[in-house]
>>> print(open('model.tsv').read())   # TSV, C-alpha atoms
chain	number	residue	atom	x	y	z
T	1	MET	CA	-6.79	-0.26	-3.01
T	2	LEU	CA	-10.35	-1.16	-3.92
T	3	VAL	CA	-11.44	-2.84	-7.16
T	4	ALA	CA	-14.65	-1.90	-8.96
T	5	LEU	CA	-15.29	-5.50	-9.94
T	6	VAL	CA	-16.61	-6.63	-13.32
T	7	THR	CA	-19.36	-9.25	-13.19
T	8	PRO	CA	-18.19	-12.16	-15.40
T	9	MET	CA	-20.95	-13.62	-17.55
T	10	THR	CA	-21.45	-16.67	-19.71
T	11	ALA	CA	-21.79	-16.48	-23.48
T	12	GLU	CA	-25.55	-16.49	-22.89
T	13	GLY	CA	-25.41	-13.42	-20.66
T	14	GLU	CA	-26.00	-15.11	-17.31
T	15	VAL	CA	-23.72	-14.41	-14.34
T	16	ASP	CA	-20.81	-16.86	-14.43
T	17	TRP	CA	-20.51	-17.62	-10.75
T	18	ASP	CA	-17.41	-19.83	-11.07
T	19	ALA	CA	-15.59	-17.12	-13.02
T	20	THR	CA	-16.77	-14.53	-10.50
T	21	GLU	CA	-15.24	-16.51	-7.64
T	22	LYS	CA	-11.99	-16.94	-9.58
T	23	HIS	CA	-11.78	-13.24	-10.42
T	24	LEU	CA	-12.55	-12.18	-6.86
T	25	ASP	CA	-9.73	-14.39	-5.61
T	26	TYR	CA	-7.38	-12.98	-8.26
T	27	VAL	CA	-7.82	-9.34	-7.25
T	28	ILE	CA	-7.80	-10.07	-3.52
T	29	SER	CA	-4.73	-12.31	-3.76
T	30	ASN	CA	-2.97	-9.52	-5.64
T	31	GLY	CA	-3.45	-6.90	-2.97
T	32	ALA	CA	-6.99	-5.52	-3.01
T	33	ASN	CA	-8.08	-4.23	0.39
T	34	GLY	CA	-11.68	-4.24	-0.77
T	35	VAL	CA	-13.95	-5.07	-3.68
T	36	VAL	CA	-16.98	-3.09	-4.83
T	37	VAL	CA	-19.47	-5.54	-6.33
T	38	THR	CA	-22.60	-4.39	-8.21
T	39	GLY	CA	-21.09	-1.02	-9.10
T	40	THR	CA	-21.14	0.63	-12.52
T	41	THR	CA	-18.34	-1.65	-13.69
T	42	GLY	CA	-20.28	-4.63	-12.35
T	43	GLU	CA	-23.24	-3.71	-14.61
T	44	THR	CA	-25.49	-2.91	-11.68
T	45	SER	CA	-28.15	-1.35	-13.91
T	46	THR	CA	-28.84	-4.71	-15.60
T	47	LEU	CA	-28.40	-7.03	-12.63
T	48	THR	CA	-31.45	-8.32	-10.82
T	49	ASP	CA	-31.81	-7.60	-7.12
T	50	ALA	CA	-31.32	-11.31	-6.43
T	51	GLU	CA	-28.05	-11.29	-8.39
T	52	LYS	CA	-26.85	-8.23	-6.47
T	53	ILE	CA	-27.44	-9.91	-3.13
T	54	LYS	CA	-25.80	-13.14	-4.29
T	55	LEU	CA	-22.73	-11.20	-5.44
T	56	VAL	CA	-22.34	-9.90	-1.88
T	57	GLU	CA	-22.68	-13.43	-0.50
T	58	VAL	CA	-20.18	-14.87	-2.99
T	59	GLY	CA	-17.79	-11.99	-2.35
T	60	LYS	CA	-17.87	-12.57	1.40
T	61	SER	CA	-17.29	-16.29	0.93
T	62	VAL	CA	-14.30	-15.84	-1.38
T	63	ALA	CA	-12.78	-12.97	0.61
T	64	ALA	CA	-12.94	-14.99	3.83
T	65	GLY	CA	-11.79	-11.97	5.80
T	66	ARG	CA	-8.97	-11.02	3.42
T	67	ALA	CA	-10.78	-7.97	1.99
T	68	LYS	CA	-13.90	-5.89	2.57
T	69	ILE	CA	-16.92	-6.45	0.32
T	70	ILE	CA	-18.80	-3.28	-0.54
T	71	THR	CA	-22.07	-3.20	-2.44
T	72	GLY	CA	-22.36	-0.41	-5.01
T	73	GLY	CA	-25.03	0.88	-7.30
T	74	GLY	CA	-28.13	1.65	-5.33
T	75	SER	CA	-31.08	3.19	-7.13
T	76	ASN	CA	-32.50	6.52	-8.19
T	77	GLU	CA	-35.55	5.55	-6.13
T	78	THR	CA	-34.70	6.17	-2.48
T	79	ALA	CA	-37.03	3.47	-1.09
T	80	HIS	CA	-35.63	0.84	-3.47
T	81	ALA	CA	-32.07	1.80	-2.58
T	82	MET	CA	-32.87	1.45	1.12
T	83	GLN	CA	-34.31	-2.03	0.55
T	84	LEU	CA	-31.25	-3.12	-1.44
T	85	TYR	CA	-28.79	-1.91	1.15
T	86	LYS	CA	-30.71	-3.46	4.03
T	87	ALA	CA	-30.70	-6.80	2.16
T	88	SER	CA	-26.99	-6.37	1.37
T	89	GLU	CA	-26.22	-5.75	5.03
T	90	LYS	CA	-28.10	-8.93	5.94
T	91	ALA	CA	-26.10	-10.79	3.26
T	92	GLY	CA	-22.85	-9.72	4.93
T	93	ALA	CA	-21.72	-6.58	3.12
T	94	ASP	CA	-19.01	-4.60	4.91
T	95	GLY	CA	-20.07	-1.26	3.43
T	96	VAL	CA	-22.29	0.43	0.86
T	97	MET	CA	-21.51	2.88	-1.93
T	98	ILE	CA	-24.36	5.23	-2.89
T	99	VAL	CA	-24.31	6.78	-6.34
T	100	THR	CA	-25.83	10.23	-6.82
T	101	PRO	CA	-29.48	9.76	-7.85
T	102	TYR	CA	-29.42	9.60	-11.64
T	103	TYR	CA	-31.95	10.60	-14.32
T	104	ASN	CA	-34.37	12.30	-11.87
T	105	LYS	CA	-32.02	15.32	-11.51
T	106	PRO	CA	-33.09	16.18	-7.96
T	107	THR	CA	-32.06	19.41	-6.25
T	108	GLN	CA	-29.15	19.26	-3.82
T	109	ALA	CA	-31.72	19.11	-1.01
T	110	GLY	CA	-33.09	15.95	-2.62
T	111	VAL	CA	-29.61	14.49	-3.06
T	112	LEU	CA	-28.80	15.13	0.61
T	113	THR	CA	-32.10	13.63	1.78
T	114	HIS	CA	-31.47	10.54	-0.39
T	115	PHE	CA	-28.03	10.04	1.19
T	116	ARG	CA	-29.21	10.66	4.74
T	117	LEU	CA	-32.20	8.32	4.56
T	118	ILE	CA	-30.09	5.48	3.15
T	119	ALA	CA	-27.39	6.08	5.78
T	120	ASP	CA	-30.11	5.99	8.44
T	121	ALA	CA	-31.38	2.66	7.09
T	122	THR	CA	-28.12	0.76	7.61
T	123	ASP	CA	-25.46	0.44	10.28
T	124	LEU	CA	-22.80	-0.06	7.59
T	125	PRO	CA	-20.23	2.59	6.63
T	126	VAL	CA	-21.32	4.58	3.58
T	127	ILE	CA	-19.27	5.81	0.61
T	128	LEU	CA	-20.82	8.60	-1.49
T	129	TYR	CA	-20.18	8.31	-5.23
T	130	ASP	CA	-19.83	11.60	-7.11
T	131	ILE	CA	-20.02	10.90	-10.85
T	132	PRO	CA	-21.86	13.71	-12.68
T	133	GLY	CA	-20.99	12.28	-16.08
T	134	ARG	CA	-23.34	9.36	-15.41
T	135	ALA	CA	-25.70	10.77	-12.79
T	136	GLY	CA	-26.35	14.01	-14.68
T	137	ILE	CA	-25.69	16.13	-11.57
T	138	PRO	CA	-22.71	16.61	-9.24
T	139	ILE	CA	-22.69	16.48	-5.46
T	140	ALA	CA	-22.09	20.12	-4.55
T	141	PHE	CA	-19.38	20.92	-2.03
T	142	GLU	CA	-21.94	22.21	0.49
T	143	THR	CA	-23.89	18.95	0.15
T	144	ILE	CA	-20.75	16.90	0.78
T	145	LEU	CA	-20.00	19.02	3.82
T	146	ARG	CA	-23.48	18.49	5.27
T	147	ALA	CA	-23.57	14.76	4.40
T	148	ALA	CA	-20.19	14.26	6.07
T	149	LYS	CA	-21.76	15.11	9.43
T	150	HIS	CA	-23.82	11.89	9.31
T	151	PRO	CA	-22.06	9.29	11.52
T	152	ASN	CA	-22.44	6.51	8.92
T	153	ILE	CA	-21.14	8.52	5.93
T	154	VAL	CA	-17.39	7.99	6.09
T	155	ALA	CA	-16.01	8.28	2.54
T	156	ILE	CA	-16.45	9.64	-0.97
T	157	LYS	CA	-15.48	8.31	-4.38
T	158	ASP	CA	-14.57	11.11	-6.78
T	159	ALA	CA	-15.17	10.66	-10.51
T	160	LYS	CA	-15.65	14.39	-11.05
T	161	GLY	CA	-12.03	15.43	-11.40
T	162	ASP	CA	-12.32	18.79	-9.62
T	163	PHE	CA	-9.00	18.84	-7.77
T	164	ALA	CA	-9.62	22.17	-6.08
T	165	GLN	CA	-12.83	20.80	-4.54
T	166	ALA	CA	-11.09	17.53	-3.69
T	167	SER	CA	-8.47	19.40	-1.66
T	168	ARG	CA	-11.17	21.42	0.06
T	169	VAL	CA	-13.17	18.32	0.99
T	170	MET	CA	-10.05	16.67	2.42
T	171	ASN	CA	-9.20	19.83	4.37
T	172	GLU	CA	-12.67	20.47	5.78
T	173	THR	CA	-14.04	16.98	6.45
T	174	ASP	CA	-12.81	13.70	7.88
T	175	LEU	CA	-14.06	11.71	4.87
T	176	LEU	CA	-11.85	9.02	3.40
T	177	TYR	CA	-11.20	10.14	-0.17
T	178	PHE	CA	-11.09	7.63	-3.03
T	179	SER	CA	-10.08	8.37	-6.60
T	180	GLY	CA	-12.80	7.13	-8.95
T	181	ASP	CA	-11.16	8.02	-12.25
T	182	ASP	CA	-8.30	5.70	-13.20
T	183	SER	CA	-6.31	8.39	-15.02
T	184	ASN	CA	-6.37	10.57	-11.88
T	185	VAL	CA	-5.31	8.00	-9.28
T	186	LEU	CA	-1.76	9.24	-8.73
T	187	PRO	CA	-2.70	12.95	-8.83
T	188	HIS	CA	-5.41	12.28	-6.23
T	189	LEU	CA	-2.96	10.35	-4.04
T	190	ALA	CA	-0.44	13.18	-4.37
T	191	ILE	CA	-2.86	15.68	-2.79
T	192	GLY	CA	-3.84	13.36	0.04
T	193	ALA	CA	-6.45	10.88	-1.19
T	194	THR	CA	-6.87	7.67	0.81
T	195	GLY	CA	-6.78	5.38	-2.21
T	196	LEU	CA	-8.69	4.34	-5.30
T	197	ILE	CA	-11.76	2.42	-6.43
T	198	GLY	CA	-10.63	1.41	-9.88
T	199	VAL	CA	-11.74	-0.30	-13.08
T	200	THR	CA	-8.25	-0.97	-14.45
T	201	ALA	CA	-7.46	-2.59	-11.10
T	202	ASN	CA	-9.44	-5.59	-12.43
T	203	LEU	CA	-6.53	-6.08	-14.84
T	204	ALA	CA	-3.53	-4.95	-12.81
T	205	PRO	CA	-4.33	-5.17	-9.10
T	206	ARG	CA	-0.70	-5.83	-8.13
T	207	ALA	CA	0.47	-2.66	-9.87
T	208	TYR	CA	-2.07	-0.53	-8.03
T	209	ARG	CA	-1.15	-2.24	-4.76
T	210	ASP	CA	2.47	-1.28	-5.43
T	211	MET	CA	1.49	2.30	-6.33
T	212	ILE	CA	-0.38	2.71	-3.05
T	213	ASP	CA	2.49	1.19	-1.09
T	214	ALA	CA	5.04	3.43	-2.81
T	215	THR	CA	2.93	6.50	-2.08
T	216	ASN	CA	2.56	5.52	1.57
T	217	ASN	CA	6.35	5.19	1.72
T	218	ASN	CA	6.76	8.66	0.17
T	219	ASP	CA	8.46	7.09	-2.85
T	220	PHE	CA	6.73	9.16	-5.52
T	221	ALA	CA	9.40	8.29	-8.09
T	222	ALA	CA	8.39	4.63	-7.86
T	223	ALA	CA	4.69	5.54	-7.90
T	224	LEU	CA	5.21	7.72	-10.98
T	225	LYS	CA	7.01	4.89	-12.77
T	226	ILE	CA	4.01	2.60	-12.19
T	227	HIS	CA	1.65	5.37	-13.31
T	228	GLY	CA	3.60	5.72	-16.55
T	229	ALA	CA	3.54	1.98	-17.24
T	230	LEU	CA	-0.21	1.86	-16.55
T	231	GLU	CA	-1.15	4.90	-18.64
T	232	PRO	CA	-1.66	3.04	-21.97
T	233	LEU	CA	-3.62	0.31	-20.16
T	234	VAL	CA	-5.86	2.92	-18.53
T	235	ARG	CA	-6.40	4.43	-21.98
T	236	ALA	CA	-7.21	1.00	-23.43
T	237	ALA	CA	-9.68	0.27	-20.64
T	238	MET	CA	-11.36	3.63	-20.27
T	239	THR	CA	-11.45	5.71	-23.49
T	240	HIS	CA	-12.69	3.73	-26.50
T	241	VAL	CA	-15.75	1.95	-25.10
T	242	PRO	CA	-17.35	1.85	-21.62
T	243	GLY	CA	-14.88	0.59	-19.01
T	244	THR	CA	-16.90	-2.55	-18.32
T	245	VAL	CA	-16.79	-3.54	-21.99
T	246	ALA	CA	-13.06	-2.92	-22.40
T	247	ALA	CA	-12.11	-4.56	-19.09
T	248	LYS	CA	-14.01	-7.73	-20.00
T	249	TYR	CA	-12.52	-7.74	-23.51
T	250	ILE	CA	-9.00	-7.51	-22.09
T	251	LEU	CA	-9.62	-10.00	-19.26
T	252	HIS	CA	-10.98	-12.50	-21.81
T	253	GLY	CA	-7.93	-11.96	-24.03
T	254	LEU	CA	-5.72	-12.72	-21.02
T	255	GLY	CA	-7.68	-15.90	-20.26
T	256	GLN	CA	-8.91	-14.53	-16.92
T	257	ILE	CA	-12.60	-14.94	-17.76
T	258	GLY	CA	-14.33	-17.34	-20.14
T	259	SER	CA	-16.44	-14.81	-22.04
T	260	PRO	CA	-16.29	-11.05	-22.67
T	261	ARG	CA	-20.11	-10.80	-22.70
T	262	VAL	CA	-21.93	-7.77	-21.36
T	263	ARG	CA	-25.67	-7.22	-21.02
T	264	LEU	CA	-27.66	-5.04	-23.36
T	265	PRO	CA	-27.75	-2.17	-23.99
T	266	LEU	CA	-23.96	-2.59	-23.62
T	267	VAL	CA	-22.35	-4.49	-26.47
T	268	GLY	CA	-18.85	-5.72	-27.16
T	269	PRO	CA	-16.37	-3.51	-29.01
T	270	GLU	CA	-16.73	-3.18	-32.77
T	271	GLU	CA	-13.73	-3.95	-34.99
T	272	THR	CA	-12.38	-0.40	-34.99
T	273	GLU	CA	-12.85	-0.05	-31.21
T	274	ALA	CA	-11.17	-3.40	-30.55
T	275	ALA	CA	-8.26	-2.36	-32.76
T	276	ARG	CA	-7.76	0.83	-30.71
T	277	ILE	CA	-7.84	-1.14	-27.46
T	278	GLU	CA	-5.23	-3.56	-28.79
T	279	ALA	CA	-3.04	-0.72	-30.11
T	280	ASP	CA	-2.93	0.86	-26.66
T	281	ILE	CA	-2.12	-2.48	-25.04
T	282	ASP	CA	0.89	-2.77	-27.35
T	283	LYS	CA	2.27	0.36	-25.64
T	284	VAL	CA	1.87	-0.88	-22.05
T	285	GLY	CA	5.08	-0.85	-20.05
T	286	VAL	CA	6.31	-3.40	-17.53
T	287	ILE	CA	3.51	-3.95	-15.02
T	288	PRO	CA	3.96	-6.11	-11.90
T	289	GLY	CA	1.89	-9.29	-12.08
T	290	LEU	CA	0.71	-8.76	-15.66
T	291	ASN	CA	2.04	-10.24	-18.90
T	292	PHE	CA	0.54	-9.37	-22.27
T	293	GLU	CA	2.74	-11.76	-24.25
T	294	ASN	CA	-0.09	-14.29	-24.24
T	295	PHE	CA	-2.84	-11.73	-24.90
T	296	ARG	CA	-5.25	-13.35	-27.38
T	297	PRO	CA	-8.30	-11.16	-27.95
T	298	ASP	CA	-11.32	-12.82	-29.55
T	299	ARG	CA	-13.20	-10.20	-31.52
T	300	ASN	CA	-15.82	-12.70	-32.65
T	301	ALA	CA	-16.76	-13.52	-29.06
T	302	ALA	CA	-16.88	-9.84	-28.13
T	303	ALA	CA	-18.93	-8.83	-31.17
T	304	GLY	CA	-21.85	-11.02	-30.10
T	305	GLY	CA	-23.02	-8.43	-27.59
T	306	ALA	CA	-26.55	-8.32	-28.98
T	307	LEU	CA	-27.91	-11.38	-27.25
T	308	PRO	CA	-31.07	-13.09	-28.46
T	309	LYS	CA	-31.95	-13.58	-24.81
T	310	VAL	CA	-31.98	-10.45	-22.69
T	311	ALA	CA	-30.89	-11.54	-19.24
T	312	GLY	CA	-31.59	-9.77	-15.99
T	313	THR	CA	-34.93	-8.17	-16.85
T	314	THR	CA	-37.03	-9.81	-14.14
T	315	ARG	CA	-36.63	-8.08	-10.80
>>> encode(input="model.tsv", output="structure tokens")
Amino acid sequence: MLVALVTPMTAEGEVDWDATEKHLDYVISNGANGVVVTGTTGETSTLTDAEKIKLVEVGKSVAAGRAKIITGGGSNETAHAMQLYKASEKAGADGVMIVTPYYNKPTQAGVLTHFRLIADATDLPVILYDIPGRAGIPIAFETILRAAKHPNIVAIKDAKGDFAQASRVMNETDLLYFSGDDSNVLPHLAIGATGLIGVTANLAPRAYRDMIDATNNNDFAAALKIHGALEPLVRAAMTHVPGTVAAKYILHGLGQIGSPRVRLPLVGPEETEAARIEADIDKVGVIPGLNFENFRPDRNAAAGGALPKVAGTTR
């Protein structure tokens, strides 16, 4: 059970390091085997390189051996990605997660070369991240098959939702397979996935820990019960606004973080979006380790997403 960690920020849009440490401890204490910092959910595209490296260092310090710290994100420039991952390795990262090169729309040969060069540049285990909805292109099955032969490429995170291909990858490679779409976690586990790298796990890490444990014990009835209880929360966190925005809004309402701020061009939910998030939360079932009775969302704090100071622009 891996958490795609949010990066808590102050009302001014700077990284809130105290809140980051607290949130890291929360998810690890509630069963996370690993934490992906500086991923999509962590707002990697608006973090400075220095902030990305510090997040690895802070993660390692808080984890203190209790969980693996994996650096996500990367870059659509291969050389820059190599530099980031080398620096992350030096900072103590336990692994790296490489997103498909975005915006450039390279051919599959370019995608494969990108992955191989980065995997060559580090001794750390590598997770490939297949998310065509954000990257603009998928990782083709043949590319996955060829990449899997690299000794450092050991896993894949699937946010594509092609279950036929997922089964084929699991059958024809030794890659660890992680569900990267919160609504598909249990279906992925049911066909043999290793686990998840989740956004909603920021909110309900204990429930996902229990789902994984139930699956490993072949108790699919218990896993399905947790899935059903989580479904409205997944909808609240993943369907109305970007997952980062919703997760921070909910965490702030629960008192887990001091501010729901995100960095531009992300902004907090508008009134109608916040209302939909709250309506879904009202339907959440009994979730281990989570109590919404004291949920107090602050729409005013969330609405101030357009900051007068744009943080994170100096690399």
>>> closest_residue(input="model.tsv", among="T:Leu175, T:Ala50, T:Val99, T:Ala237", to="T:Lys149", atoms="only C-alpha atoms")
T:Leu175
>>> closest_residue(input="model.tsv", among="T:Val126, T:Leu84, T:Ala147, T:Val96", to="T:Val111", atoms="only C-alpha atoms")
T:Ala147
>>> residues_around(input="model.tsv", residues="stretch 2-9 of chain T", least_positions_apart="2", cutoff="6 Å", atoms="all atoms listed in the file", output="PyMOL selection string")
chain T and resi 13-16+20+32-37+41-42+196-199+201+261
>>> write_last_selection(input="model.tsv", atoms="C-alpha atoms", output="compact mmCIF listing (two decimals), in the coordinates of the input")
# COMPACT_ATOMS: atom_id res chain seq x y z
CA GLY T 13 -25.41 -13.42 -20.66
CA GLU T 14 -26.00 -15.11 -17.31
CA VAL T 15 -23.72 -14.41 -14.34
CA ASP T 16 -20.81 -16.86 -14.43
CA THR T 20 -16.77 -14.53 -10.50
CA ALA T 32 -6.99 -5.52 -3.01
CA ASN T 33 -8.08 -4.23 0.39
CA GLY T 34 -11.68 -4.24 -0.77
CA VAL T 35 -13.95 -5.07 -3.68
CA VAL T 36 -16.98 -3.09 -4.83
CA VAL T 37 -19.47 -5.54 -6.33
CA THR T 41 -18.34 -1.65 -13.69
CA GLY T 42 -20.28 -4.63 -12.35
CA LEU T 196 -8.69 4.34 -5.30
CA ILE T 197 -11.76 2.42 -6.43
CA GLY T 198 -10.63 1.41 -9.88
CA VAL T 199 -11.74 -0.30 -13.08
CA ALA T 201 -7.46 -2.59 -11.10
CA ARG T 261 -20.11 -10.80 -22.70
>>> closest_residue(input="model.tsv", among="T:Val262, T:Ile156, T:Asn184, T:Leu290", to="T:Arg206", atoms="all atoms listed in the file")
T:Leu290
>>> build_atoms(input="model.tsv", residues="stretch 265-279 of chain T", atoms="N, CA, C and O atoms", output="mmCIF file, keeping the file's coordinate frame")
data_model
loop_
_atom_site.group_PDB
_atom_site.id
_atom_site.type_symbol
_atom_site.label_atom_id
_atom_site.label_comp_id
_atom_site.auth_asym_id
_atom_site.auth_seq_id
_atom_site.Cartn_x
_atom_site.Cartn_y
_atom_site.Cartn_z
ATOM 1 N N PRO T 265 -28.129 -2.729 -22.699
ATOM 2 C CA PRO T 265 -27.750 -2.170 -23.990
ATOM 3 C C PRO T 265 -26.246 -2.062 -24.240
ATOM 4 O O PRO T 265 -25.836 -1.547 -25.278
ATOM 5 N N LEU T 266 -25.391 -2.520 -23.314
ATOM 6 C CA LEU T 266 -23.960 -2.590 -23.620
ATOM 7 C C LEU T 266 -23.722 -3.695 -24.630
ATOM 8 O O LEU T 266 -24.394 -4.732 -24.607
ATOM 9 N N VAL T 267 -22.774 -3.474 -25.511
ATOM 10 C CA VAL T 267 -22.350 -4.490 -26.470
ATOM 11 C C VAL T 267 -20.833 -4.522 -26.516
ATOM 12 O O VAL T 267 -20.170 -3.580 -26.081
ATOM 13 N N GLY T 268 -20.295 -5.602 -27.047
ATOM 14 C CA GLY T 268 -18.850 -5.720 -27.160
ATOM 15 C C GLY T 268 -18.290 -4.721 -28.154
ATOM 16 O O GLY T 268 -19.023 -4.125 -28.953
ATOM 17 N N PRO T 269 -16.974 -4.486 -28.106
ATOM 18 C CA PRO T 269 -16.370 -3.510 -29.010
ATOM 19 C C PRO T 269 -16.488 -3.922 -30.471
ATOM 20 O O PRO T 269 -16.358 -5.099 -30.811
ATOM 21 N N GLU T 270 -16.756 -2.942 -31.330
ATOM 22 C CA GLU T 270 -16.730 -3.180 -32.770
ATOM 23 C C GLU T 270 -15.280 -3.301 -33.226
ATOM 24 O O GLU T 270 -14.347 -3.022 -32.466
ATOM 25 N N GLU T 271 -15.086 -3.695 -34.471
ATOM 26 C CA GLU T 271 -13.730 -3.950 -34.990
ATOM 27 C C GLU T 271 -12.794 -2.765 -34.772
ATOM 28 O O GLU T 271 -11.678 -2.931 -34.296
ATOM 29 N N THR T 272 -13.262 -1.563 -35.120
ATOM 30 C CA THR T 272 -12.380 -0.400 -34.990
ATOM 31 C C THR T 272 -12.071 -0.101 -33.526
ATOM 32 O O THR T 272 -10.950 0.293 -33.182
ATOM 33 N N GLU T 273 -13.060 -0.289 -32.634
ATOM 34 C CA GLU T 273 -12.850 -0.050 -31.210
ATOM 35 C C GLU T 273 -11.890 -1.081 -30.631
ATOM 36 O O GLU T 273 -10.989 -0.740 -29.850
ATOM 37 N N ALA T 274 -12.064 -2.347 -31.026
ATOM 38 C CA ALA T 274 -11.170 -3.400 -30.550
ATOM 39 C C ALA T 274 -9.735 -3.132 -31.012
ATOM 40 O O ALA T 274 -8.782 -3.347 -30.255
ATOM 41 N N ALA T 275 -9.598 -2.649 -32.231
ATOM 42 C CA ALA T 275 -8.260 -2.360 -32.760
ATOM 43 C C ALA T 275 -7.582 -1.259 -31.950
ATOM 44 O O ALA T 275 -6.370 -1.324 -31.683
ATOM 45 N N ARG T 276 -8.340 -0.255 -31.526
ATOM 46 C CA ARG T 276 -7.760 0.830 -30.710
ATOM 47 C C ARG T 276 -7.351 0.311 -29.339
ATOM 48 O O ARG T 276 -6.298 0.696 -28.806
ATOM 49 N N ILE T 277 -8.183 -0.544 -28.753
ATOM 50 C CA ILE T 277 -7.840 -1.140 -27.460
ATOM 51 C C ILE T 277 -6.532 -1.910 -27.566
ATOM 52 O O ILE T 277 -5.623 -1.759 -26.744
ATOM 53 N N GLU T 278 -6.427 -2.735 -28.601
ATOM 54 C CA GLU T 278 -5.230 -3.560 -28.790
ATOM 55 C C GLU T 278 -4.001 -2.706 -29.077
ATOM 56 O O GLU T 278 -2.890 -3.022 -28.624
ATOM 57 N N ALA T 279 -4.173 -1.600 -29.818
ATOM 58 C CA ALA T 279 -3.040 -0.720 -30.110
ATOM 59 C C ALA T 279 -2.503 -0.077 -28.838
ATOM 60 O O ALA T 279 -1.280 0.064 -28.667
#
